[in-house]
Structures are given as C-alpha cells and as structure tokens.
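start.cif, holding mmCIF, C-alpha atoms, pLDDT in the B column; chains and numbers go by the auth columns:
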```
data_protein
loop_
_atom_site.group_PDB
_atom_site.id
_atom_site.type_symbol
_atom_site.label_atom_id
_atom_site.label_comp_id
_atom_site.label_asym_id
_atom_site.label_seq_id
_atom_site.Cartn_x
_atom_site.Cartn_y
_atom_site.Cartn_z
_atom_site.B_iso_or_equiv
_atom_site.auth_seq_id
_atom_site.auth_asym_id
ATOM 1 C CA MET A 1 53.716 27.843 29.105 56.00 567 A
ATOM 2 C CA LYS A 2 51.345 25.658 31.103 75.00 568 A
ATOM 3 C CA ILE A 3 48.244 27.422 29.734 75.00 569 A
ATOM 4 C CA LEU A 4 48.918 26.395 26.129 75.00 570 A
ATOM 5 C CA PRO A 5 48.358 22.624 26.727 78.00 571 A
ATOM 6 C CA ILE A 6 45.153 23.397 28.652 76.00 572 A
ATOM 7 C CA ILE A 7 43.768 25.486 25.783 78.00 573 A
ATOM 8 C CA ALA A 8 44.809 22.829 23.252 77.00 574 A
ATOM 9 C CA GLY A 9 43.153 20.086 25.324 81.00 575 A
ATOM 10 C CA ALA A 10 39.930 22.096 25.614 82.00 576 A
ATOM 11 C CA GLY A 11 39.991 22.682 21.856 85.00 577 A
ATOM 12 C CA VAL A 12 40.363 18.959 21.203 84.00 578 A
ATOM 13 C CA VAL A 13 37.452 18.135 23.533 86.00 579 A
ATOM 14 C CA VAL A 14 35.222 20.784 21.941 85.00 580 A
ATOM 15 C CA GLY A 15 36.198 19.530 18.480 84.00 581 A
ATOM 16 C CA LEU A 16 35.357 15.931 19.377 83.00 582 A
ATOM 17 C CA VAL A 17 31.990 16.876 20.857 82.00 583 A
ATOM 18 C CA ALA A 18 31.132 19.005 17.809 80.00 584 A
ATOM 19 C CA GLY A 19 32.171 16.178 15.499 78.00 585 A
ATOM 20 C CA ILE A 20 29.982 13.704 17.357 77.00 586 A
ATOM 21 C CA PHE A 21 26.968 16.031 17.166 74.00 587 A
ATOM 22 C CA THR A 22 27.378 16.564 13.425 73.00 588 A
ATOM 23 C CA ILE A 23 27.893 12.880 12.614 74.00 589 A
ATOM 24 C CA ASP A 24 25.432 11.276 15.046 67.00 590 A
ATOM 25 C CA ASN A 25 22.040 10.550 13.470 62.00 591 A
ATOM 26 C CA ARG A 26 20.112 10.169 16.710 68.00 592 A
ATOM 27 C CA TYR A 27 19.334 13.860 16.733 67.00 593 A
ATOM 28 C CA ILE A 28 16.485 14.228 14.257 71.00 594 A
ATOM 29 C CA THR A 29 15.694 17.207 12.089 77.00 595 A
ATOM 30 C CA LYS A 30 12.418 19.113 12.105 79.00 596 A
ATOM 31 C CA ASP A 31 11.469 17.695 8.701 79.00 597 A
ATOM 32 C CA TYR A 32 11.973 14.119 9.852 79.00 598 A
ATOM 33 C CA GLN A 33 10.078 14.825 13.052 80.00 599 A
ATOM 34 C CA LYS A 34 7.138 16.166 11.030 82.00 600 A
ATOM 35 C CA VAL A 35 7.081 13.096 8.765 80.00 601 A
ATOM 36 C CA TYR A 36 7.321 10.800 11.792 82.00 602 A
ATOM 37 C CA ALA A 37 4.439 12.595 13.538 83.00 603 A
ATOM 38 C CA GLN A 38 2.293 12.246 10.412 83.00 604 A
ATOM 39 C CA SER A 39 3.141 8.555 10.275 84.00 605 A
ATOM 40 C CA VAL A 40 2.035 8.077 13.886 86.00 606 A
ATOM 41 C CA ASP A 41 -1.180 10.004 13.225 86.00 607 A
ATOM 42 C CA ALA A 42 -1.867 7.812 10.199 86.00 608 A
ATOM 43 C CA LYS A 43 -1.367 4.641 12.266 89.00 609 A
ATOM 44 C CA PHE A 44 -3.793 5.871 14.930 89.00 610 A
ATOM 45 C CA GLU A 45 -6.352 6.843 12.313 89.00 611 A
ATOM 46 C CA PHE A 46 -5.982 3.433 10.639 90.00 612 A
ATOM 47 C CA GLU A 47 -6.652 1.690 13.960 91.00 613 A
ATOM 48 C CA LYS A 48 -9.663 3.915 14.520 90.00 614 A
ATOM 49 C CA GLN A 49 -11.025 3.062 11.086 91.00 615 A
ATOM 50 C CA GLN A 50 -10.584 -0.654 11.743 92.00 616 A
ATOM 51 C CA ARG A 51 -12.522 -0.403 15.014 92.00 617 A
ATOM 52 C CA LEU A 52 -15.294 1.568 13.323 92.00 618 A
ATOM 53 C CA THR A 53 -15.490 -0.999 10.519 92.00 619 A
ATOM 54 C CA GLU A 54 -15.818 -3.845 13.014 93.00 620 A
ATOM 55 C CA GLN A 55 -18.489 -1.930 14.884 93.00 621 A
ATOM 56 C CA TYR A 56 -20.305 -1.169 11.630 93.00 622 A
ATOM 57 C CA TYR A 57 -20.507 -4.819 10.597 94.00 623 A
ATOM 58 C CA GLN A 58 -21.594 -5.929 14.065 94.00 624 A
ATOM 59 C CA MET A 59 -24.373 -3.369 13.980 92.00 625 A
ATOM 60 C CA ARG A 60 -25.401 -4.535 10.511 93.00 626 A
ATOM 61 C CA GLN A 61 -25.773 -8.059 11.850 94.00 627 A
ATOM 62 C CA MET A 62 -27.836 -6.754 14.742 93.00 628 A
ATOM 63 C CA GLN A 63 -29.983 -4.789 12.326 92.00 629 A
ATOM 64 C CA ARG A 64 -30.751 -7.978 10.407 92.00 630 A
ATOM 65 C CA LYS A 65 -31.907 -9.571 13.646 93.00 631 A
ATOM 66 C CA TYR A 66 -33.906 -6.541 14.761 91.00 632 A
ATOM 67 C CA PRO A 67 -34.976 -4.646 11.622 90.00 633 A
ATOM 68 C CA LYS A 68 -37.561 -2.496 13.432 91.00 634 A
ATOM 69 C CA ASP A 69 -35.187 -1.031 16.025 90.00 635 A
ATOM 70 C CA VAL A 70 -35.049 2.729 15.358 91.00 636 A
ATOM 71 C CA GLU A 71 -32.142 3.440 17.731 93.00 637 A
ATOM 72 C CA LEU A 72 -30.055 0.806 16.039 91.00 638 A
ATOM 73 C CA LYS A 73 -30.673 2.404 12.642 92.00 639 A
ATOM 74 C CA GLU A 74 -29.643 5.815 14.000 93.00 640 A
ATOM 75 C CA ASP A 75 -26.522 4.378 15.597 92.00 641 A
ATOM 76 C CA LEU A 76 -25.655 2.584 12.374 91.00 642 A
ATOM 77 C CA LYS A 77 -25.903 5.850 10.437 94.00 643 A
ATOM 78 C CA ALA A 78 -23.716 7.597 13.027 94.00 644 A
ATOM 79 C CA VAL A 79 -21.060 4.890 12.834 93.00 645 A
ATOM 80 C CA GLN A 80 -21.145 5.006 9.037 94.00 646 A
ATOM 81 C CA SER A 81 -20.655 8.781 9.022 94.00 647 A
ATOM 82 C CA GLN A 82 -17.764 8.487 11.514 93.00 648 A
ATOM 83 C CA ARG A 83 -16.269 5.786 9.341 93.00 649 A
ATOM 84 C CA ASN A 84 -16.486 8.003 6.250 93.00 650 A
ATOM 85 C CA VAL A 85 -14.866 10.923 8.093 92.00 651 A
ATOM 86 C CA SER A 86 -12.109 8.628 9.327 90.00 652 A
ATOM 87 C CA LYS A 87 -11.545 7.313 5.802 90.00 653 A
ATOM 88 C CA LYS A 88 -11.198 10.848 4.401 91.00 654 A
ATOM 89 C CA THR A 89 -8.836 11.830 7.217 89.00 655 A
ATOM 90 C CA LEU A 90 -6.696 8.773 6.578 87.00 656 A
ATOM 91 C CA GLU A 91 -6.562 9.536 2.854 88.00 657 A
ATOM 92 C CA ASN A 92 -5.502 13.122 3.602 87.00 658 A
ATOM 93 C CA LEU A 93 -2.803 11.955 6.001 83.00 659 A
ATOM 94 C CA ASN A 94 -1.472 9.475 3.440 81.00 660 A
ATOM 95 C CA ASN A 95 -1.431 12.141 0.726 82.00 661 A
ATOM 96 C CA ASN A 96 0.352 14.593 3.031 77.00 662 A
ATOM 97 C CA GLN A 97 2.885 11.942 3.980 73.00 663 A
ATOM 98 C CA LYS A 98 3.586 11.102 0.328 75.00 664 A
ATOM 99 C CA ALA A 99 3.978 14.801 -0.494 74.00 665 A
ATOM 100 C CA ALA A 100 6.367 15.312 2.440 68.00 666 A
ATOM 101 C CA GLU A 101 8.538 12.373 1.356 66.00 667 A
ATOM 102 C CA LYS A 102 9.044 13.842 -2.124 63.00 668 A
#
```
Would you kindly transcribe this structure into structure tokens?
Amino acid sequence: MKILPIIAGAGVVVGLVAGIFTIDNRYITKDYQKVYAQSVDAKFEFEKQQRLTEQYYQMRQMQRKYPKDVELKEDLKAVQSQRNVSKKTLENLNNNQKAAEK
C-alpha cells in the first residue's frame, strides 16, 4: 500500500514538468530560430553596408582632393562593388525574412 502514493507522487511531478514544458514559451521552435537568425544576419549586413557607405563617401572626398591618384580610384571602385554586393545581400535577406513571416 505504500507504493501507490509514491507512484501517484511521481505521476504528479512528471505531469507538472510536462505541463511547464508545453506552456513555457522560452523554448523556441526551429521556425522561430530560423527567422531570428535571419534577422541577426540582416542587422549585421545593414551595419556592414553603413560602414561601406561611410567609407565610400570619405573616399569620394579624397578623390576630389587628389583626382590623379590611381590607387584611390581603384579602391573607390572596390568599395563601390562591395557596397553593391552588400546591398543585394541585404535585399535578399529582407525578402527571405518577409517570406518566412508569411
């Protein structure tokens, strides 16, 4: 007769733990984790694009001061191409994020 209360108590504990796991929202799903990862990637890409834009405009100012500098022109073209790639990547990430939210 003493084993019945032990089994009942264990059942109650297991039931409470299972109830907490099903109700608690701290444990994320794979879909939410994917959307969150895309959001983080988009934030990093946005920061990268901002840095490249600042660098681009600084180099443009330097080019106005030194119009004959060949290295500066090459660097400016490289920064512009990186900026364009970053812009396309950011657009793709935003489109993927919007599609995942639907």
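The space separating atom CA of Pro571 of chain A from atom CA of Ile586 of chain A comes to 22.5 Å.
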Q: Apply the PyMOL selection byres ((chain A and resi 608) around 12) to the file shown and report the selected residues as a list in words.
A: Val601, Tyr602, Ala603, Gln604, Ser605, Val606, Asp607, Lys609, Phe610, Glu611, Phe612, Glu613, Lys614, Gln615, Ser652, Lys653, Lys654, Thr655, Leu656, Glu657, Asn658, Leu659, Asn660, Asn661, Asn662, Gln663 and Lys664 of chain A
What would the file look like if the residues just selected were written as a JSON list (two decimals), in the frame of the given file with C-alpha atoms?
```
[["chain", "number", "residue", "atom", "x", "y", "z"],
["A", 601, "VAL", "CA", 7.08, 13.10, 8.76],
["A", 602, "TYR", "CA", 7.32, 10.80, 11.79],
["A", 603, "ALA", "CA", 4.44, 12.60, 13.54],
["A", 604, "GLN", "CA", 2.29, 12.25, 10.41],
["A", 605, "SER", "CA", 3.14, 8.56, 10.28],
["A", 606, "VAL", "CA", 2.04, 8.08, 13.89],
["A", 607, "ASP", "CA", -1.18, 10.00, 13.22],
["A", 609, "LYS", "CA", -1.37, 4.64, 12.27],
["A", 610, "PHE", "CA", -3.79, 5.87, 14.93],
["A", 611, "GLU", "CA", -6.35, 6.84, 12.31],
["A", 612, "PHE", "CA", -5.98, 3.43, 10.64],
["A", 613, "GLU", "CA", -6.65, 1.69, 13.96],
["A", 614, "LYS", "CA", -9.66, 3.92, 14.52],
["A", 615, "GLN", "CA", -11.02, 3.06, 11.09],
["A", 652, "SER", "CA", -12.11, 8.63, 9.33],
["A", 653, "LYS", "CA", -11.54, 7.31, 5.80],
["A", 654, "LYS", "CA", -11.20, 10.85, 4.40],
["A", 655, "THR", "CA", -8.84, 11.83, 7.22],
["A", 656, "LEU", "CA", -6.70, 8.77, 6.58],
["A", 657, "GLU", "CA", -6.56, 9.54, 2.85],
["A", 658, "ASN", "CA", -5.50, 13.12, 3.60],
["A", 659, "LEU", "CA", -2.80, 11.96, 6.00],
["A", 660, "ASN", "CA", -1.47, 9.48, 3.44],
["A", 661, "ASN", "CA", -1.43, 12.14, 0.73],
["A", 662, "ASN", "CA", 0.35, 14.59, 3.03],
["A", 663, "GLN", "CA", 2.88, 11.94, 3.98],
["A", 664, "LYS", "CA", 3.59, 11.10, 0.33]]
```
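Residue nearest Leu618 of chain A within the list A:Gln599, A:Val636, A:Ile594, A:Gln648: A:Gln648 [criterion: smallest interatomic distance, all atoms listed in the file].
The space between atom CA of Thr619 of chain A and atom CA of Val645 of chain A spans 8.4 Å.
Atom pair atom CA of Arg649 of chain A / atom CA of Lys600 of chain A: separated by 25.7 Å.
Remark: for Lys643 of chain A, the closest of the candidate residues A:Lys631, A:Val579, A:Tyr622, A:Ile589 is A:Tyr622 (distances computed over all atoms listed in the file).
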